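For reference, coords03.cif is printed below; it contains mmCIF, C-alpha atoms.
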data_protein
#
loop_
_atom_site.label_atom_id
_atom_site.label_comp_id
_atom_site.auth_asym_id
_atom_site.auth_seq_id
_atom_site.Cartn_x
_atom_site.Cartn_y
_atom_site.Cartn_z
CA ARG A 1 27.85 22.98 0.48
CA LEU A 2 28.80 24.81 -2.68
CA THR A 3 31.81 27.06 -2.22
CA THR A 4 31.96 30.50 -3.76
CA ALA A 5 35.58 31.06 -2.90
CA HIS A 6 38.67 29.03 -2.30
CA LYS A 7 40.62 28.80 0.92
CA GLY A 8 44.27 28.02 0.96
CA THR A 9 45.47 25.16 -1.18
CA CYS A 10 42.74 23.43 -3.18
CA ASN A 11 44.11 19.87 -3.41
CA ASN A 12 41.17 19.09 -5.74
CA LYS A 13 38.73 19.26 -2.82
CA PRO A 14 36.83 22.32 -1.63
CA ALA A 15 36.56 23.27 2.04
CA GLU A 16 33.13 21.58 2.00
CA ASP A 17 32.68 19.05 -0.79
CA ILE A 18 29.17 19.31 -2.25
CA THR A 19 29.29 15.81 -3.71
CA ASP A 20 29.35 14.38 -0.18
CA ALA A 21 26.06 16.10 0.59
CA GLY A 22 23.76 13.79 -1.32
CA VAL A 23 23.33 10.63 -3.33
CA ASP A 24 25.14 10.82 -6.69
CA GLY A 25 25.68 14.55 -6.25
CA SER A 26 21.97 15.33 -6.33
CA THR A 27 22.33 17.85 -3.51
CA ALA A 28 25.32 19.34 -5.28
CA ALA A 29 23.33 19.74 -8.46
CA ALA A 30 20.44 21.32 -6.60
CA GLN A 31 22.79 23.69 -4.76
CA LEU A 32 24.54 24.73 -7.95
CA VAL A 33 21.23 25.40 -9.67
CA SER A 34 19.98 27.48 -6.75
CA ALA A 35 23.33 29.26 -6.12
CA ALA A 36 23.95 30.26 -9.71
CA GLN A 37 22.72 33.81 -9.38
CA PRO A 38 23.80 36.20 -12.12
CA GLY A 39 26.07 39.00 -10.98
CA LYS A 40 27.42 37.41 -7.79
CA GLN A 41 30.77 39.07 -6.97
CA CYS A 42 34.07 37.27 -6.46
CA PRO A 43 35.25 37.73 -2.86
CA PHE A 44 38.89 38.10 -4.07
CA HIS A 45 38.32 40.30 -7.13
CA ALA A 46 35.65 42.89 -6.37
CA ASP A 47 35.42 43.95 -10.02
CA GLN A 48 34.82 40.35 -11.20
CA VAL A 49 31.56 38.38 -11.34
CA LEU A 50 31.48 34.63 -10.68
CA THR A 51 31.15 33.13 -14.17
CA VAL A 52 33.25 29.95 -14.02
CA PHE A 53 32.68 26.62 -12.27
CA CYS A 54 35.66 24.53 -11.13
CA GLN A 55 34.52 20.94 -11.51
CA ASP A 56 37.36 19.58 -9.43
CA CYS A 57 36.67 21.84 -6.43
CA LYS A 58 32.95 22.26 -7.01
CA SER A 59 33.48 26.00 -6.63
CA MET A 60 32.20 29.07 -8.42
CA LEU A 61 35.03 31.33 -9.58
CA CYS A 62 35.62 34.51 -11.50
CA ALA A 63 37.62 34.49 -14.75
CA GLN A 64 40.78 35.69 -12.95
CA CYS A 65 40.67 32.88 -10.35
CA ALA A 66 40.06 30.17 -12.98
CA GLY A 67 43.18 28.38 -14.16
CA ARG A 68 45.46 30.11 -11.64
CA GLY A 69 46.85 29.24 -8.29
CA GLU A 70 45.04 26.41 -6.63
CA HIS A 71 42.76 25.94 -9.65
CA GLN A 72 45.60 25.60 -12.14
CA GLY A 73 45.10 22.45 -14.23
CA HIS A 74 41.54 21.94 -12.96
CA SER A 75 38.64 21.22 -15.21
CA THR A 76 36.42 24.29 -15.48
CA GLN A 77 33.41 25.37 -17.47
CA SER A 78 31.17 28.39 -17.64
CA LEU A 79 28.78 28.72 -14.73
CA THR A 80 25.91 28.73 -17.23
CA ALA A 81 27.08 25.43 -18.74
CA ALA A 82 27.64 23.92 -15.29
CA GLU A 83 24.16 24.99 -14.26
CA ALA A 84 22.70 23.45 -17.43
CA ASN A 85 24.70 20.23 -16.85
CA HIS A 86 23.56 20.03 -13.24
CA ARG A 87 19.95 20.73 -14.23
CA ALA A 88 20.24 17.90 -16.76
CA LEU A 89 21.75 15.68 -14.05
CA LEU A 90 18.85 16.49 -11.73
CA GLN A 91 16.37 15.70 -14.51
CA ARG A 92 18.10 12.37 -15.27
CA MET A 93 18.14 11.49 -11.59
CA LYS A 94 14.46 12.40 -11.30
CA GLU A 95 13.62 10.25 -14.33
CA GLU A 96 15.76 7.36 -13.03
CA THR A 97 14.04 7.56 -9.65
CA LYS A 98 10.66 7.60 -11.37
CA ARG A 99 11.71 4.72 -13.65
CA LYS A 100 12.69 2.64 -10.62
CA THR A 101 9.88 3.55 -8.24
CA VAL A 102 6.83 3.74 -10.51
CA PRO A 103 6.98 0.07 -11.64
CA ARG A 104 7.56 -1.01 -8.05
CA ALA A 105 4.57 1.03 -6.87
CA GLU A 106 2.48 -0.31 -9.75
CA SER A 107 3.53 -3.85 -8.78
CA TRP A 108 2.47 -3.22 -5.17
CA LEU A 109 -0.82 -1.75 -6.36
CA ALA A 110 -1.46 -4.80 -8.54
CA ALA A 111 -0.73 -7.09 -5.57
CA VAL A 112 -3.16 -5.14 -3.37
CA LYS A 113 -5.84 -5.25 -6.07
CA LYS A 114 -5.31 -9.01 -6.40
CA ALA A 115 -5.62 -9.42 -2.63
CA ILE A 116 -8.86 -7.41 -2.69
CA ARG A 117 -10.24 -9.68 -5.41
CA HIS A 118 -9.25 -12.76 -3.39
CA VAL A 119 -10.92 -11.38 -0.27
CA ASP A 120 -14.09 -10.64 -2.27
CA THR A 121 -14.02 -14.10 -3.87
CA ASP A 122 -13.29 -15.83 -0.56
CA SER A 123 -16.10 -13.88 1.15
CA GLU A 124 -18.54 -14.87 -1.56
CA GLU A 125 -17.49 -18.53 -1.35
CA VAL A 126 -17.80 -18.53 2.45
CA SER A 127 -21.25 -16.89 2.18
CA VAL A 128 -22.37 -19.61 -0.24
CA VAL A 129 -21.07 -22.36 2.07
CA ILE A 130 -22.78 -20.78 5.09
CA ASN A 131 -26.08 -20.38 3.21
CA ASN A 132 -25.94 -23.98 1.89
CA THR A 133 -25.11 -25.33 5.35
CA ALA A 134 -27.92 -23.30 6.92
CA ALA A 135 -30.36 -24.57 4.28
CA LYS A 136 -29.31 -28.18 5.02
CA ILE A 137 -29.74 -27.61 8.76
CA VAL A 138 -33.18 -26.05 8.22
CA SER A 139 -34.14 -28.99 6.00
CA LEU A 140 -32.99 -31.51 8.62
CA VAL A 141 -34.83 -29.63 11.39
CA GLU A 142 -38.00 -29.53 9.28
CA LYS A 143 -37.73 -33.30 8.60
CA LYS A 144 -37.23 -34.00 12.29
CA ARG A 145 -40.16 -31.70 13.14
CA ASP A 146 -42.36 -33.50 10.63
CA ALA A 147 -41.27 -36.89 12.03
CA LEU A 148 -41.98 -35.78 15.61
CA LEU A 149 -45.36 -34.33 14.62
CA GLY A 150 -46.08 -37.62 12.86
CA GLU A 151 -45.26 -39.52 16.04
CA VAL A 152 -47.46 -37.17 18.07
CA ASP A 153 -50.33 -37.76 15.63
CA GLN A 154 -49.83 -41.53 15.86
CA LEU A 155 -49.78 -41.40 19.69
CA ARG A 156 -52.86 -39.19 19.68
CA TRP A 157 -54.65 -41.58 17.30
CA TRP A 158 -53.62 -44.62 19.38
CA LYS A 159 -54.67 -42.95 22.65
CA MET A 160 -57.94 -41.79 21.12
CA MET A 161 -58.62 -45.35 19.94
CA ARG A 162 -57.87 -46.77 23.38
CA LEU A 163 -60.00 -44.13 25.05
CA GLU A 164 -62.86 -44.75 22.60
CA GLU A 165 -62.60 -48.48 23.35
CA MET A 166 -62.66 -47.77 27.09
CA LYS A 167 -65.59 -45.41 26.65
CA ALA A 168 -67.51 -48.05 24.71
CA VAL A 169 -66.82 -50.67 27.41
CA ILE A 170 -67.90 -48.30 30.18
CA GLU A 171 -71.05 -47.27 28.27
CA GLU A 172 -71.89 -50.94 27.69
CA LYS A 173 -71.49 -51.75 31.38
CA ILE A 174 -73.63 -48.80 32.39
CA SER A 175 -76.36 -49.84 29.95
CA ALA A 176 -76.23 -53.44 31.13
CA ARG A 177 -76.78 -52.45 34.72
CA GLY A 178 -79.56 -50.22 33.81
CA LEU A 179 -78.00 -47.13 35.21
CA GLY A 180 -78.22 -45.16 32.15
#
Starting from the file, lay out its structure as structure tokens.
Amino acid sequence: RLTTAHKGTCNNKPAEDITDAGVDGSTAAAQLVSAAQPGKQCPFHADQVLTVFCQDCKSMLCAQCAGRGEHQGHSTQSLTAAEANHRALLQRMKEETKRKTVPRAESWLAAVKKAIRHVDTDSEEVSVVINNTAAKIVSLVEKKRDALLGEVDQLRWWKMMRLEEMKAVIEEKISARGLG
């Protein structure tokens, strides 16, 4: 959390260190950008506005607090410059995140698209195999049907021949006996 005032001895660390709040100080940068409101009063000097940022303590200070007491020897800069620096840091972090994540996401997307193509190709190949196999089965069944029908025709012809022969014999015997 960004501190607006200092408590006791600084020891180069504020009461709550904003750099611990997020990765690479991203939360600190966001807090500084959002906390940097023009005209915010110093809690120790009522007539002073917070215009300085102590980089060591990550605290906003007025001009009187800067460089004195617990902030003596600390690195400071104007609150406007600190805000600009932190905005730039946020932008760099955003670009770095985008630089790292976009190619990874694009790689995943390419892998998914490739998998889709493989599924389509595999489905088409399986469909062709199934259709070819079904056509072969139909062809074999038709050949077997034709062979069986051929056998039935042969048996019919043979039986008809035998029956015709028997009919002729019976008719001959009936004629010979004079029954007919």
Measure the distance from CA of Cys65 (chain A) to CA of Phe44 (chain A) in Å and round it to one decimal. 8.4 Å
Could you check how far CA of Ala111 (chain A) sits from CA of Ile130 (chain A), in Å to one decimal? 28.1 Å
Please provide as a ChimeraX atom specification all residues within 7 Å of region 45-56 of chain A, with the sequence filter that same-chain residues fewer than 4 positions apart are discarded (counting all atoms listed in the file). /A:12-13,39-41,60-63,66,74-79,82
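Across the structure, CA of Leu140 (chain A) and CA of Lys159 (chain A) are spaced 28.2 Å apart.
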